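Undergrad: Got a structure for you, written out below as structure tokens; questions coming shortly.
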Amino acid sequence: MCSKKKAIISLIMIMLLWATLPLAAQVGRGRARLRGNVEDEAGNPLKGVKITAVHKEYGTKFETESDNKGNWTIAGLGSGVFEITVEIDGYVPNSISLSVSQFSANNLPSIVTLKKIRPAQTGGTLSGLEDETSLSTFEEGNSLFSEKKYAEAAAKFEEFLALNPKVHQVEINLADCCREMGEYEKALSTYGGLLDSIMAEKGTLEGDETAARALAGIGQTHMKAGDMEKAGEYLHQAMAAMPNDEALAFDIGKIYYTQQQPEKAIEYFKKAAELKPDWPPPHRQLGYAYMNREEYQAALDSFKKFIEVAPDDPLIPTIKDLLPTLEELIKE
């Protein structure tokens with residue numbers, strides 16, 4: 001029992017603490033392994049996702065791709081903090097920071113959920129618009145976006161807006177194109193201009209779905225640009241405007257989790273789970289967050305719920321391996 005307790009506490013500490021050993025001679029290389037899983041918002045594994053791990057102190061880079069079960073492994077890492085970037089076409093990229101130790105046989109796995117880019121965030125149609133030429137232009141823009149022809153899609157959305165300047169929600173589609181092309185300043189300016197228009201018309205952003213999508217777009221743009229603090233700020237605002245969006249709550253929880261703030265991560269993972277109880281990712285992430293806080297009963301309950309709602313998830317064996325140790329820790 002004692003050895004098991006030490007093992008689980010060791011794993012928890014790996015997630016909580018920054019590794020600070022001065023291994024300059026190894027410049028970020030060593031014998032540690034890091035593994036993880038990539039999935040979409042429905043909990044389905046994603047294959048062929050590019051994973052890049054960069055040692056924050058030395059800049060040493062490692063790359064791999066996820067397999068058909070969404071799993072990936074990188075070996076030969078030294079101790080320290082690695083910035084893990086996860087990206088694949090059609091999904092919003094994500095980044096997390098993880099502590100790695102050469103002195104642990106089991107660095108805890110990371111689970112990353114990628115959010116699919118939705119070109120038609122306002123829905124596939126524009127209610128109340130009867131101009132066939134405009135509708136055709138809008139649909140062409142959506143189709144081009146789906147084909148990742150972002151510059152051509154942007155041109156179509158600009159053409160549409162020239163004819164229909166008051167149909168503000170299409171500005172989100174235009175801003176999405178700019179974001180995906182890496183034109184972050186233009187994307188932020190377009191999202192911001194939309195918010196200004198809504199504010200001028202309504203005097204508030206609260207309860208406005210288009211405003212919430214714009215705020216979320218700003219957050220996603222900052223996330224893609226690597227500014228997690230700004231990303232969190234705007235995702236919080238989006239959540240305030242649209243408080244019943246479980247995906248927004250989950251994204252905010254992930255940002256707190258990567259910033260080593262498990263108590264705040266728990267708050268938002270719980271909210272996501274409450275909004276959509278049968279969605280697996282929040283339950284799994286709650287388990288890990290509770291483990292960080294040594295709240296073993298809550299971790300056990302969350303993992304059991306994850307197993308219940310996602311019995312075929314490829315991470316189930318890993319989660320099940322943790323349950324006996326958690327049960328013994330609870331008995332003490």
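Chain labels A, B, ... are given in the sequence in which chains occur in the structure tokens; within each chain residues are numbered consecutively from 1, and ligands are likewise numbered from 1 in the order shown.
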If we count only C-alpha atoms and set the cut-off at 9 Å, which residues sit around stretch 142-144 of chain A, ignoring sequence neighbours fewer than 4 positions away in its own chain? Please answer as a PDB file with N, CA and C atoms, in the first residue's frame.

TA:
ATOM      1  N   PRO A 119     -17.294  26.750 -40.212  1.00  0.00           N
ATOM      2  CA  PRO A 119     -17.428  27.931 -41.048  1.00  0.00           C
ATOM      3  C   PRO A 119     -18.806  28.571 -40.952  1.00  0.00           C
ATOM      4  N   ALA A 120     -19.816  27.763 -40.699  1.00  0.00           N
ATOM      5  CA  ALA A 120     -21.167  28.314 -40.596  1.00  0.00           C
ATOM      6  C   ALA A 120     -21.586  28.367 -39.149  1.00  0.00           C
ATOM      7  N   GLY A 124     -26.300  27.136 -41.097  1.00  0.00           N
ATOM      8  CA  GLY A 124     -26.037  26.997 -42.516  1.00  0.00           C
ATOM      9  C   GLY A 124     -26.835  27.946 -43.384  1.00  0.00           C
ATOM     10  N   THR A 137     -23.713  33.407 -52.916  1.00  0.00           N
ATOM     11  CA  THR A 137     -22.363  33.865 -52.563  1.00  0.00           C
ATOM     12  C   THR A 137     -21.969  33.379 -51.180  1.00  0.00           C
ATOM     13  N   PHE A 138     -22.915  33.453 -50.246  1.00  0.00           N
ATOM     14  CA  PHE A 138     -22.661  32.992 -48.886  1.00  0.00           C
ATOM     15  C   PHE A 138     -22.349  31.497 -48.862  1.00  0.00           C
ATOM     16  N   LYS A 148     -10.808  24.483 -47.191  1.00  0.00           N
ATOM     17  CA  LYS A 148      -9.603  25.149 -46.684  1.00  0.00           C
ATOM     18  C   LYS A 148      -9.022  26.155 -47.671  1.00  0.00           C
ATOM     19  N   LYS A 149      -9.869  26.647 -48.555  1.00  0.00           N
ATOM     20  CA  LYS A 149      -9.464  27.703 -49.485  1.00  0.00           C
ATOM     21  C   LYS A 149      -9.857  29.032 -48.856  1.00  0.00           C
ATOM     22  N   TYR A 150      -9.106  29.401 -47.821  1.00  0.00           N
ATOM     23  CA  TYR A 150      -9.518  30.503 -46.962  1.00  0.00           C
ATOM     24  C   TYR A 150      -9.521  31.864 -47.660  1.00  0.00           C
ATOM     25  N   ALA A 151      -8.531  32.109 -48.515  1.00  0.00           N
ATOM     26  CA  ALA A 151      -8.467  33.399 -49.200  1.00  0.00           C
ATOM     27  C   ALA A 151      -9.661  33.563 -50.140  1.00  0.00           C
ATOM     28  N   GLU A 152     -10.005  32.499 -50.867  1.00  0.00           N
ATOM     29  CA  GLU A 152     -11.144  32.558 -51.777  1.00  0.00           C
ATOM     30  C   GLU A 152     -12.450  32.681 -50.999  1.00  0.00           C
ATOM     31  N   ALA A 153     -12.541  31.969 -49.871  1.00  0.00           N
ATOM     32  CA  ALA A 153     -13.742  32.064 -49.033  1.00  0.00           C
ATOM     33  C   ALA A 153     -13.902  33.483 -48.498  1.00  0.00           C
ATOM     34  N   ALA A 154     -12.791  34.082 -48.054  1.00  0.00           N
ATOM     35  CA  ALA A 154     -12.835  35.450 -47.531  1.00  0.00           C
ATOM     36  C   ALA A 154     -13.340  36.416 -48.597  1.00  0.00           C
ATOM     37  N   LYS A 156     -15.402  35.781 -51.000  1.00  0.00           N
ATOM     38  CA  LYS A 156     -16.849  35.591 -51.148  1.00  0.00           C
ATOM     39  C   LYS A 156     -17.613  36.261 -50.009  1.00  0.00           C
ATOM     40  N   PHE A 157     -17.089  36.118 -48.782  1.00  0.00           N
ATOM     41  CA  PHE A 157     -17.771  36.744 -47.650  1.00  0.00           C
ATOM     42  C   PHE A 157     -17.699  38.273 -47.744  1.00  0.00           C
ATOM     43  N   ASN A 173     -17.735  34.728 -40.181  1.00  0.00           N
ATOM     44  CA  ASN A 173     -17.168  33.834 -41.188  1.00  0.00           C
ATOM     45  C   ASN A 173     -15.924  34.455 -41.817  1.00  0.00           C
TER      46      ASN A 173
END

Undergrad: For stretch 28-37 of chain A, please output as an MDAnalysis selection string all residues within 10 Å (counting only C-alpha atoms; exclusion window: fewer than 6 positions along the same chain).

TA: chainID A and resid 22 45:47 49 51 53:62 66:67 69:82 98:113 314:315

Undergrad: Could those selected residues go to a file with N, CA and C atoms, as a short mmCIF file (atom, residue, chain, number, x, y, z; two decimals), in the first residue's frame?

TA:
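Output below, filename out16.cif:
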data_model
loop_
_atom_site.label_atom_id
_atom_site.label_comp_id
_atom_site.auth_asym_id
_atom_site.auth_seq_id
_atom_site.Cartn_x
_atom_site.Cartn_y
_atom_site.Cartn_z
N PRO A 22 18.78 21.48 -13.52
CA PRO A 22 19.60 22.13 -14.54
C PRO A 22 20.39 21.12 -15.36
N PRO A 45 -11.42 9.55 -31.37
CA PRO A 45 -9.98 9.72 -31.58
C PRO A 45 -9.69 10.35 -32.93
N LEU A 46 -8.63 11.16 -33.00
CA LEU A 46 -8.22 11.81 -34.24
C LEU A 46 -6.87 11.24 -34.69
N LYS A 47 -6.83 10.78 -35.93
CA LYS A 47 -5.62 10.20 -36.49
C LYS A 47 -4.85 11.25 -37.30
N VAL A 49 -2.83 13.62 -36.33
CA VAL A 49 -2.65 14.94 -35.72
C VAL A 49 -1.15 15.17 -35.46
N ILE A 51 1.85 16.49 -33.46
CA ILE A 51 2.16 16.87 -32.08
C ILE A 51 3.61 17.35 -32.03
N ALA A 53 6.51 18.96 -29.44
CA ALA A 53 6.90 19.22 -28.05
C ALA A 53 8.19 20.04 -28.06
N VAL A 54 8.16 21.19 -27.42
CA VAL A 54 9.33 22.07 -27.38
C VAL A 54 9.70 22.33 -25.92
N HIS A 55 10.97 22.04 -25.56
CA HIS A 55 11.46 22.29 -24.20
C HIS A 55 11.52 23.80 -23.98
N LYS A 56 10.81 24.29 -22.97
CA LYS A 56 10.69 25.73 -22.77
C LYS A 56 12.02 26.40 -22.45
N GLU A 57 12.92 25.69 -21.80
CA GLU A 57 14.20 26.30 -21.43
C GLU A 57 15.21 26.23 -22.56
N TYR A 58 15.30 25.08 -23.23
CA TYR A 58 16.35 24.87 -24.22
C TYR A 58 15.87 24.97 -25.66
N GLY A 59 14.57 24.93 -25.89
CA GLY A 59 14.05 25.02 -27.25
C GLY A 59 14.17 23.75 -28.05
N THR A 60 14.55 22.64 -27.42
CA THR A 60 14.68 21.37 -28.12
C THR A 60 13.30 20.90 -28.58
N LYS A 61 13.23 20.50 -29.87
CA LYS A 61 11.93 20.16 -30.46
C LYS A 61 11.83 18.67 -30.78
N PHE A 62 10.65 18.12 -30.50
CA PHE A 62 10.32 16.73 -30.83
C PHE A 62 8.98 16.74 -31.56
N SER A 66 -0.40 11.36 -34.22
CA SER A 66 -1.28 10.42 -33.52
C SER A 66 -1.64 9.25 -34.43
N ASP A 67 -1.88 8.08 -33.82
CA ASP A 67 -2.25 6.91 -34.60
C ASP A 67 -3.76 6.85 -34.78
N LYS A 69 -5.98 5.46 -33.19
CA LYS A 69 -6.73 5.54 -31.93
C LYS A 69 -6.53 6.89 -31.24
N GLY A 70 -5.85 7.79 -31.93
CA GLY A 70 -5.60 9.12 -31.37
C GLY A 70 -4.45 9.16 -30.40
N ASN A 71 -3.74 8.03 -30.23
CA ASN A 71 -2.64 7.97 -29.28
C ASN A 71 -1.32 8.41 -29.91
N TRP A 72 -0.44 8.96 -29.09
CA TRP A 72 0.89 9.33 -29.57
C TRP A 72 1.90 9.18 -28.43
N THR A 73 3.15 9.01 -28.79
CA THR A 73 4.23 8.87 -27.82
C THR A 73 5.47 9.58 -28.33
N ILE A 74 6.14 10.29 -27.43
CA ILE A 74 7.44 10.90 -27.76
C ILE A 74 8.44 10.41 -26.72
N ALA A 75 9.55 9.88 -27.17
CA ALA A 75 10.60 9.38 -26.28
C ALA A 75 11.85 10.24 -26.41
N GLY A 76 12.75 10.08 -25.42
CA GLY A 76 14.03 10.78 -25.46
C GLY A 76 14.00 12.18 -24.90
N LEU A 77 13.00 12.48 -24.06
CA LEU A 77 12.87 13.83 -23.50
C LEU A 77 13.67 13.96 -22.21
N GLY A 78 14.19 15.15 -21.99
CA GLY A 78 14.83 15.46 -20.72
C GLY A 78 13.83 16.01 -19.73
N SER A 79 14.24 16.20 -18.49
CA SER A 79 13.35 16.78 -17.49
C SER A 79 13.11 18.25 -17.79
N GLY A 80 11.94 18.72 -17.47
CA GLY A 80 11.62 20.13 -17.66
C GLY A 80 10.20 20.32 -18.12
N VAL A 81 9.87 21.52 -18.52
CA VAL A 81 8.52 21.86 -18.98
C VAL A 81 8.52 21.93 -20.50
N PHE A 82 7.61 21.21 -21.10
CA PHE A 82 7.48 21.19 -22.55
C PHE A 82 6.18 21.86 -22.96
N LEU A 98 3.35 20.86 -20.16
CA LEU A 98 3.43 19.67 -19.33
C LEU A 98 4.81 19.56 -18.71
N SER A 99 4.85 19.16 -17.45
CA SER A 99 6.11 18.89 -16.77
C SER A 99 6.51 17.44 -17.01
N VAL A 100 7.77 17.22 -17.33
CA VAL A 100 8.28 15.88 -17.62
C VAL A 100 9.45 15.60 -16.69
N SER A 101 9.50 14.38 -16.16
CA SER A 101 10.61 13.97 -15.31
C SER A 101 11.24 12.69 -15.84
N GLN A 102 12.57 12.68 -15.91
CA GLN A 102 13.29 11.46 -16.29
C GLN A 102 13.26 10.42 -15.18
N PHE A 103 12.89 10.85 -13.99
CA PHE A 103 12.98 9.98 -12.82
C PHE A 103 11.65 9.33 -12.48
N SER A 104 10.67 9.45 -13.39
CA SER A 104 9.39 8.77 -13.20
C SER A 104 9.19 7.82 -14.36
N ALA A 105 8.76 6.61 -14.05
CA ALA A 105 8.51 5.63 -15.11
C ALA A 105 7.20 5.93 -15.84
N ASN A 106 6.35 6.74 -15.23
CA ASN A 106 5.03 6.99 -15.81
C ASN A 106 4.67 8.46 -15.72
N ASN A 107 5.16 9.27 -16.67
CA ASN A 107 4.67 10.63 -16.76
C ASN A 107 3.21 10.56 -17.19
N LEU A 108 2.35 11.30 -16.48
CA LEU A 108 0.92 11.19 -16.73
C LEU A 108 0.57 11.55 -18.17
N PRO A 109 -0.35 10.82 -18.78
CA PRO A 109 -0.72 11.11 -20.17
C PRO A 109 -1.49 12.42 -20.27
N SER A 110 -1.40 13.06 -21.41
CA SER A 110 -2.17 14.27 -21.66
C SER A 110 -3.31 13.94 -22.61
N ILE A 111 -4.45 14.53 -22.37
CA ILE A 111 -5.60 14.33 -23.24
C ILE A 111 -5.99 15.69 -23.78
N VAL A 112 -6.01 15.82 -25.09
CA VAL A 112 -6.32 17.09 -25.72
C VAL A 112 -7.54 16.93 -26.61
N THR A 113 -8.49 17.82 -26.44
CA THR A 113 -9.68 17.83 -27.29
C THR A 113 -9.57 18.96 -28.29
N PRO A 314 -10.59 4.80 -26.14
CA PRO A 314 -9.28 4.13 -26.07
C PRO A 314 -8.52 4.38 -24.78
N LEU A 315 -8.90 5.39 -24.00
CA LEU A 315 -8.23 5.66 -22.74
C LEU A 315 -8.82 4.89 -21.56
#

Undergrad: Could you check which of A:Pro311, A:Gly232, A:Gly217, A:Pro281 is closest to A:Glu246, using only C-alpha atoms?

TA: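 Of all the options, A:Pro281 lies closest to A:Glu246.
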
Undergrad: Please, which residues of stretch 31-94 of chain A, numbered as in this document, come out strand (DSSP E) from DSSP, as a ChimeraX atom specification?

TA: /A:31-39,50-55,61-65,71-77,80-87,91-92,94

Undergrad: Keeping only C-alpha atoms, write the selected residues as a PDB file, in the first residue's frame.

TA:
ATOM      1  CA  ARG A  31      15.253   9.095 -21.312  1.00  0.00           C
ATOM      2  CA  ALA A  32      11.758  10.278 -20.416  1.00  0.00           C
ATOM      3  CA  ARG A  33       8.659   9.375 -22.415  1.00  0.00           C
ATOM      4  CA  LEU A  34       5.523  11.397 -22.878  1.00  0.00           C
ATOM      5  CA  ARG A  35       2.265  10.036 -24.222  1.00  0.00           C
ATOM      6  CA  GLY A  36      -1.194  11.326 -24.847  1.00  0.00           C
ATOM      7  CA  ASN A  37      -4.409  11.142 -26.792  1.00  0.00           C
ATOM      8  CA  VAL A  38      -6.138  13.533 -29.190  1.00  0.00           C
ATOM      9  CA  GLU A  39      -9.887  13.525 -29.702  1.00  0.00           C
ATOM     10  CA  LYS A  50       0.755  16.650 -35.595  1.00  0.00           C
ATOM     11  CA  ILE A  51       2.163  16.868 -32.077  1.00  0.00           C
ATOM     12  CA  THR A  52       5.134  19.148 -31.432  1.00  0.00           C
ATOM     13  CA  ALA A  53       6.897  19.218 -28.053  1.00  0.00           C
ATOM     14  CA  VAL A  54       9.330  22.068 -27.381  1.00  0.00           C
ATOM     15  CA  HIS A  55      11.455  22.286 -24.202  1.00  0.00           C
ATOM     16  CA  LYS A  61      11.926  20.165 -30.456  1.00  0.00           C
ATOM     17  CA  PHE A  62      10.324  16.732 -30.831  1.00  0.00           C
ATOM     18  CA  GLU A  63       7.576  15.821 -33.309  1.00  0.00           C
ATOM     19  CA  THR A  64       5.226  12.912 -33.897  1.00  0.00           C
ATOM     20  CA  GLU A  65       1.704  12.115 -35.130  1.00  0.00           C
ATOM     21  CA  ASN A  71      -2.636   7.965 -29.276  1.00  0.00           C
ATOM     22  CA  TRP A  72       0.892   9.331 -29.566  1.00  0.00           C
ATOM     23  CA  THR A  73       4.231   8.867 -27.816  1.00  0.00           C
ATOM     24  CA  ILE A  74       7.437  10.902 -27.758  1.00  0.00           C
ATOM     25  CA  ALA A  75      10.596   9.383 -26.280  1.00  0.00           C
ATOM     26  CA  GLY A  76      14.035  10.780 -25.458  1.00  0.00           C
ATOM     27  CA  LEU A  77      12.868  13.830 -23.502  1.00  0.00           C
ATOM     28  CA  GLY A  80      11.621  20.125 -17.664  1.00  0.00           C
ATOM     29  CA  VAL A  81       8.524  21.861 -18.978  1.00  0.00           C
ATOM     30  CA  PHE A  82       7.485  21.188 -22.547  1.00  0.00           C
ATOM     31  CA  GLU A  83       5.060  23.224 -24.633  1.00  0.00           C
ATOM     32  CA  ILE A  84       2.917  20.712 -26.526  1.00  0.00           C
ATOM     33  CA  THR A  85       1.229  21.981 -29.694  1.00  0.00           C
ATOM     34  CA  VAL A  86      -1.505  19.845 -31.250  1.00  0.00           C
ATOM     35  CA  GLU A  87      -2.802  20.675 -34.732  1.00  0.00           C
ATOM     36  CA  TYR A  91      -9.615  21.894 -36.237  1.00  0.00           C
ATOM     37  CA  VAL A  92      -8.662  24.767 -33.960  1.00  0.00           C
ATOM     38  CA  ASN A  94      -4.441  23.663 -29.070  1.00  0.00           C
TER      39      ASN A  94
END

Undergrad: In Å, how far is it from atom CA of A:Gln169 to atom CA of A:His222?

TA: 20.1 Å

Undergrad: Which one is closest to A:Ala187: A:Ala200, A:Ala249, A:Ala240, A:Leu215? Count only C-alpha atoms.

TA: A:Leu215

Undergrad: Give me, please, the distance in Å between atom CA of A:Gly182 and atom CA of A:Ile96, quoted to one decimal.

TA: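 Pair atom CA of A:Gly182 / atom CA of A:Ile96 returns 19.7 Å.
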
Undergrad: Write out as a list in words which residues come within 9 Å of A:Gly253 when counting only C-alpha atoms, dropping same-chain ones fewer than 3 positions away.

TA: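 Near neighbours after the sequence-gap exclusion: Leu248, Ala249, Phe250, Tyr256, Tyr257, Thr258, Pro262, Lys264, Ala265, Ile266, Glu267, Tyr268, Phe269, Lys270, Ala272, Pro282 and Gln285 of chain A.
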
Undergrad: Using the selection just defined, write its residues with C-alpha atoms as a compact mmCIF listing (two decimals), in the first residue's frame.

TA:
# COMPACT_ATOMS: atom_id res chain seq x y z
CA LEU A 248 -16.98 27.13 -24.09
CA ALA A 249 -17.01 26.00 -20.46
CA PHE A 250 -14.79 23.04 -21.33
CA TYR A 256 -6.99 26.75 -16.26
CA TYR A 257 -5.78 23.14 -16.26
CA THR A 258 -2.74 23.96 -18.41
CA PRO A 262 -6.94 22.79 -10.90
CA LYS A 264 -10.66 26.78 -11.39
CA ALA A 265 -10.42 24.01 -13.99
CA ILE A 266 -12.76 21.90 -11.84
CA GLU A 267 -15.30 24.73 -11.73
CA TYR A 268 -15.58 24.88 -15.52
CA PHE A 269 -15.28 21.15 -16.18
CA LYS A 270 -18.17 20.68 -13.75
CA ALA A 272 -19.56 21.58 -18.91
CA PRO A 282 -15.46 16.87 -18.89
CA GLN A 285 -10.72 15.90 -17.08

Undergrad: Among the residues of stretch 89-269 of chain A, find those DSSP assigns to helix (DSSP H, G or I) from the backbone and print them as JSON, numbers by chain.

TA: {"A": [132, 133, 134, 135, 136, 137, 138, 139, 140, 141, 142, 143, 144, 145, 146, 150, 151, 152, 153, 154, 155, 156, 157, 158, 159, 160, 161, 162, 163, 169, 170, 171, 172, 173, 174, 175, 176, 177, 178, 179, 180, 184, 185, 186, 187, 188, 189, 190, 191, 192, 193, 194, 195, 196, 197, 198, 199, 200, 201, 202, 209, 210, 211, 212, 213, 214, 215, 216, 217, 218, 219, 220, 221, 222, 223, 224, 225, 228, 229, 230, 231, 232, 233, 234, 235, 236, 237, 238, 239, 240, 241, 246, 247, 248, 249, 250, 251, 252, 253, 254, 255, 256, 257, 258, 262, 263, 264, 265, 266, 267, 268, 269]}

Undergrad: With only C-alpha atoms as the counted atoms, please give the residues lying no more than 12 Å from A:Gln237, apart from itself and same-chain residues fewer than 3 positions off, as a ChimeraX atom specification.

TA: /A:195,205-209,211-219,230-234,240-243,248-249,252

Undergrad: Under the rule that only C-alpha atoms are counted, which of A:Leu326, A:Leu194, A:Met199, A:Ile255 is the nearest residue to A:Tyr296?

TA: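 For A:Tyr296, the nearest of the candidates is A:Leu326.
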
Undergrad: Calculate how many Å separate atom CA of A:Asp196 from atom CA of A:Met228, rounding to one decimal.

TA: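 Separation between atom CA of A:Asp196 and atom CA of A:Met228: 23.5 Å.
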
Undergrad: Compile the contact shell of A:Ala299 as a list of chain:residue names: residues with an atom at most 7 Å away, counting only C-alpha atoms, same-chain residues fewer than 5 positions apart removed.

TA: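 Using only C-alpha atoms, the neighbours found are A:Leu286, A:Gly287, A:Tyr288, A:Tyr290, A:Met291.
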
Undergrad: Take the residues from that selection and write them out as a PDB file, in the first residue's frame, keeping C-alpha atoms.

TA:
ATOM      1  CA  LEU A 286     -12.502  16.294 -13.748  1.00  0.00           C
ATOM      2  CA  GLY A 287     -10.869  13.037 -12.663  1.00  0.00           C
ATOM      3  CA  TYR A 288      -7.391  14.332 -13.436  1.00  0.00           C
ATOM      4  CA  TYR A 290      -9.365  16.151  -8.654  1.00  0.00           C
ATOM      5  CA  MET A 291      -6.263  13.945  -8.555  1.00  0.00           C
TER       6      MET A 291
END
